[in-house]
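S.K.: Take this structure first; my questions come after.
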Amino acid sequence: MSVLVTGGAGFIGSHTCVELLNAGEDIVILDNFSNSKPDVLDKIRTITGKDFKFYEVDLLDKDNVEKVFKENDIDTVIHFAGFKAVGESVEKPLMYYHNNITGTLILCEVMKAYGCKRIVFSSSATVYGSPKTVPIKEDFPLSTTNPYGTTKLMLERILSDLCVPDKDFCVTLLRYFNPIGAHESGLIGENPNGIPNNLMPYICQVAIRKLDCLNVFGNDYPTHDGTGVRDYIHVVDLAKGHLKALFNARKTTGVSVFNLGTGNGYSVLDIVKAFESANNIKIPYVIAPRRAGDIAECYADPTKAREVLGWKAEFDIERMCKDSWNYISKNN
Ligand code: UD1
């Protein structure tokens with residue numbers, strides 16, 4: 001029996017593959033390298049000392065997705081593959097809906113044809129829209145503000161619907177907060193092409209002096225210092241959450257939903273200070289206007305994941321900043 005990891009060469013996917021292999025799981029990775037590089041695969045092998053099968057396949061290519069299921073005994077899919085840039089999704093909604101929704105529909109059709117009844121899905125805290133209160137619990141109302149977020153919410157619903165006619169089907173929806181950090185080896189991490197949209201990759205570009213200074217998007221939010229508050233989580237903690245979710249999925253059916261966050265909120269300026277003191281590097285910044293679509297505060301209530309999965313984030317913000325920098329300083 002193998003676990004198929006779609007998008008296994010990506011940021012969260014690659015770290016999850018490391019945890020799965022370290023736990024002795026057999027995995028098969030599928031990726032089309034649309035936002036990752038082939039050398040990640042050898043780095044996963046180096047870190048773990050383990051091997052796995054890899055298929056360079058696009059989920060929109062049904063024949064080749066079928067080939068993966070034909071050639072392997074897949075009992076669970078951990079599904080990361082998808083486009084994830086918020087701004088780009090606003091510019092190119094059709095591309096996002098086609099890739100993320102159609103790709104997942106094809107995956108599910110093939111799963112059904114091959115009797116694979118378990119999927120762990122990479123969702124996002126973006127499905128909570130603008131929450132009325134924090135911390136956010138899994139039963140809060142859901143809404144979205146951009147096509148990327150809408151694909152996540154639509155896929156949550158589509159996957160949940162599959163459990164209605166098939167009582168053996170098992171769907172686990174994992175809602176991530178803000179993943180940062182990197183594997184301690186410095187071999188795998190996040191290094192987006194072009195100018196980064198997200199905070200930590202941007203800070204890292206300023207730290208290597210590729211960018212002059214950070215724009216802090218707004219300092220007039222109702223938060224402790226006026227800047228936006230988020231729940232930053234170490235990607236290795238997040239990866240370990242997938243392993244726990246997999247173990248839980250093996251003994252359940254139907255839909256389960258979990259927030260994967262730390263439960264702690266840090267502002268943009270908290271992160272700047274934490275990065276500076278963890279790495280002894282100055283990060284120049286200026287206060288800029290608010291970014292459209294941003295909310296003041298977003299952090300998880302992670303109680304359910306702790307109680308049901310036995311999972312809790314372990315790494316603190318200093319470690320997240322150190323590991324992000326360790327990776328970028330070795331890979332730029
Ligand atoms: C963003 C996405 C979210 C996605 C997540 C993936 C938006 C509106 N939301 O979340 O849907 O799931 O990434 O990780 O894009 N900031 C700055 N300067 C910067 C960059 C960010 O001040 O150059 C601030 C933002 O205003 C925010 C915080 O840093 O307060 C975090 O931003 P970011 O890393 O982009 O994550 P989110 O917006 O929370």
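Each chain of the structure tokens is named A, B, ... in the order shown, its residues numbered from 1; ligands are numbered from 1 in display order.
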Pick out the residues no farther than 7 Å from ligand 1, counting only C-alpha atoms and all ligand atoms, and list them as a list in words.
M.R.: Val86, Gly87, Ser124, Ala125, Thr126, Gly149, Phe177, Asn178, Pro179, Asn197, Asn198, Leu199, Met200, Tyr202, Leu214, Asn215, Val216, Phe217, Gly218, Thr227, Gly228, Val229, Arg230, Val268, Arg290, Arg291, Gly293, Asp294 and Ala296 of chain A
S.K.: Can you tell me, as a list in words, which residues in region 52-144 of chain A count as strand (DSSP E or B) by DSSP?
M.R.: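 Secondary structure check on region 52-144 of chain A, strand (DSSP E or B): Lys53, Phe54, Tyr55, Glu56, Ile74, Asp75, Thr76, Val77, Ile78, His79, Arg118, Ile119, Val120, Phe121, Ser122, Ser123, Ser124, Tyr128, Ile136 and Ser143 of chain A.
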S.K.: Go ahead and save the residues from that selection, with C-alpha atoms, as an mmCIF file, in the first residue's frame.
M.R.:
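Written out: again-v5.cif:
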data_model
loop_
_atom_site.group_PDB
_atom_site.id
_atom_site.type_symbol
_atom_site.label_atom_id
_atom_site.label_comp_id
_atom_site.auth_asym_id
_atom_site.auth_seq_id
_atom_site.Cartn_x
_atom_site.Cartn_y
_atom_site.Cartn_z
ATOM 1 C CA LYS A 53 8.714 6.429 -7.161
ATOM 2 C CA PHE A 54 8.156 9.729 -8.939
ATOM 3 C CA TYR A 55 5.862 10.645 -11.839
ATOM 4 C CA GLU A 56 6.137 13.943 -13.717
ATOM 5 C CA ILE A 74 -2.493 3.619 -3.771
ATOM 6 C CA ASP A 75 -4.732 3.549 -0.690
ATOM 7 C CA THR A 76 -4.516 7.217 0.307
ATOM 8 C CA VAL A 77 -3.898 10.479 -1.545
ATOM 9 C CA ILE A 78 -2.416 13.543 0.132
ATOM 10 C CA HIS A 79 -3.370 16.269 -2.312
ATOM 11 C CA ARG A 118 -9.066 8.222 1.314
ATOM 12 C CA ILE A 119 -7.902 11.773 0.630
ATOM 13 C CA VAL A 120 -6.175 14.362 2.811
ATOM 14 C CA PHE A 121 -6.669 17.785 1.259
ATOM 15 C CA SER A 122 -4.495 20.864 1.491
ATOM 16 C CA SER A 123 -6.943 23.624 2.378
ATOM 17 C CA SER A 124 -6.278 27.027 3.888
ATOM 18 C CA TYR A 128 -12.677 31.706 6.808
ATOM 19 C CA ILE A 136 -10.778 30.755 14.640
ATOM 20 C CA SER A 143 -16.455 32.673 2.727
#
S.K.: Extract, using only C-alpha atoms, all DNA, RNA and protein residues at most 10 Å from Val90 (chain A), discarding same-chain residues fewer than 4 positions from it, and format them as a list in words.
M.R.: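 Neighbouring residues, sequence-local ones excluded: Ala85, Val86, Leu94, Tyr96, Thr145, Asn146, Pro147 and Tyr148 of chain A.
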S.K.: From the set A:Thr133, A:Asn219, A:Asn191, A:Ser185, which residue has the shortest atom-to-atom contact distance to Asn331 (chain A), counting only C-alpha atoms?
M.R.: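 The closest residue to Asn331 (chain A) is A:Asn191.
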S.K.: Which residues are close to His15 (chain A), i.e. within 6 Å by only C-alpha atoms, leaving aside same-chain residues fewer than 3 positions away? Reply as a ChimeraX atom specification.
M.R.: /A:12,18,239
S.K.: Which of these, A:Glu109, A:Glu307, A:Asp212, A:Glu184, has the shortest distance to Met320 (chain A) once you count only C-alpha atoms?
M.R.: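 Among A:Glu109, A:Glu307, A:Asp212, A:Glu184, it is A:Glu184 that comes nearest to Met320 (chain A).
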S.K.: Determine, counting only C-alpha atoms, which protein, DNA and RNA residues have an atom within 12 Å of an atom of Lys330 (chain A); residues of the same chain fewer than 4 positions away are not included. Present the result as a list in words.
M.R.: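 Here the qualifying residues turn out to be Ala182, Glu184, Ser185, Gly186, Leu187, Ile188, Gly189, Glu190, Asn191, Cys204, Ile208, Asp323, Ser324, Trp325 and Asn326 of chain A.
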S.K.: Could you turn the residues from that selection into a file that holds N, CA and C atoms, as a PDB file, in the first residue's frame?
M.R.:
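Output saved as again_1.pdb:
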ATOM      1  N   ALA A 182      11.779  26.134   7.289  1.00  0.00           N
ATOM      2  CA  ALA A 182      12.307  25.196   6.304  1.00  0.00           C
ATOM      3  C   ALA A 182      12.905  24.030   7.071  1.00  0.00           C
ATOM      4  N   GLU A 184      15.589  21.695   8.695  1.00  0.00           N
ATOM      5  CA  GLU A 184      16.827  22.133   9.377  1.00  0.00           C
ATOM      6  C   GLU A 184      18.086  21.884   8.554  1.00  0.00           C
ATOM      7  N   SER A 185      18.030  20.941   7.600  1.00  0.00           N
ATOM      8  CA  SER A 185      19.178  20.660   6.742  1.00  0.00           C
ATOM      9  C   SER A 185      19.502  21.838   5.820  1.00  0.00           C
ATOM     10  N   GLY A 186      18.515  22.716   5.594  1.00  0.00           N
ATOM     11  CA  GLY A 186      18.706  23.798   4.618  1.00  0.00           C
ATOM     12  C   GLY A 186      18.605  23.298   3.179  1.00  0.00           C
ATOM     13  N   LEU A 187      18.200  22.034   2.984  1.00  0.00           N
ATOM     14  CA  LEU A 187      18.125  21.493   1.619  1.00  0.00           C
ATOM     15  C   LEU A 187      16.800  21.812   0.938  1.00  0.00           C
ATOM     16  N   ILE A 188      15.705  21.811   1.706  1.00  0.00           N
ATOM     17  CA  ILE A 188      14.398  22.132   1.105  1.00  0.00           C
ATOM     18  C   ILE A 188      13.764  23.300   1.870  1.00  0.00           C
ATOM     19  N   GLY A 189      12.962  24.088   1.150  1.00  0.00           N
ATOM     20  CA  GLY A 189      12.343  25.269   1.753  1.00  0.00           C
ATOM     21  C   GLY A 189      11.526  25.993   0.692  1.00  0.00           C
ATOM     22  N   GLU A 190      11.274  27.265   0.934  1.00  0.00           N
ATOM     23  CA  GLU A 190      10.446  28.032  -0.011  1.00  0.00           C
ATOM     24  C   GLU A 190      11.268  29.142  -0.635  1.00  0.00           C
ATOM     25  N   ASN A 191      11.295  29.152  -1.965  1.00  0.00           N
ATOM     26  CA  ASN A 191      12.052  30.188  -2.669  1.00  0.00           C
ATOM     27  C   ASN A 191      11.299  30.575  -3.936  1.00  0.00           C
ATOM     28  N   CYS A 204      13.164  37.543   3.618  1.00  0.00           N
ATOM     29  CA  CYS A 204      14.403  36.833   3.261  1.00  0.00           C
ATOM     30  C   CYS A 204      15.107  37.492   2.071  1.00  0.00           C
ATOM     31  N   ILE A 208      18.925  39.026   2.062  1.00  0.00           N
ATOM     32  CA  ILE A 208      20.052  38.754   1.150  1.00  0.00           C
ATOM     33  C   ILE A 208      20.362  39.969   0.280  1.00  0.00           C
ATOM     34  N   ASP A 323      15.340  28.990  10.592  1.00  0.00           N
ATOM     35  CA  ASP A 323      15.306  27.986   9.524  1.00  0.00           C
ATOM     36  C   ASP A 323      14.967  28.601   8.166  1.00  0.00           C
ATOM     37  N   SER A 324      14.112  29.631   8.150  1.00  0.00           N
ATOM     38  CA  SER A 324      13.825  30.325   6.876  1.00  0.00           C
ATOM     39  C   SER A 324      15.117  30.913   6.326  1.00  0.00           C
ATOM     40  N   TRP A 325      15.872  31.565   7.196  1.00  0.00           N
ATOM     41  CA  TRP A 325      17.113  32.226   6.769  1.00  0.00           C
ATOM     42  C   TRP A 325      18.185  31.204   6.385  1.00  0.00           C
ATOM     43  N   ASN A 326      18.307  30.134   7.165  1.00  0.00           N
ATOM     44  CA  ASN A 326      19.285  29.086   6.864  1.00  0.00           C
ATOM     45  C   ASN A 326      19.070  28.575   5.437  1.00  0.00           C
TER      46      ASN A 326
END
S.K.: Taking 2 positions as the minimum chain separation for residues in the same chain, which residues sit within 12 Å of Leu21 (chain A) when counting only C-alpha atoms? Answer as a list of chain:residue names.
M.R.: A:Ser2, A:Val3, A:Val5, A:Ser14, A:His15, A:Thr16, A:Cys17, A:Val18, A:Glu19, A:Ala23, A:Gly24, A:Glu25, A:Asp26, A:Ile27, A:Val28, A:Ile29, A:Ile44, A:Arg45, A:Thr46, A:Ile47, A:Thr48, A:Gly49, A:Lys50, A:Asp51, A:Phe52, A:Ala239, A:Lys240, A:Leu243
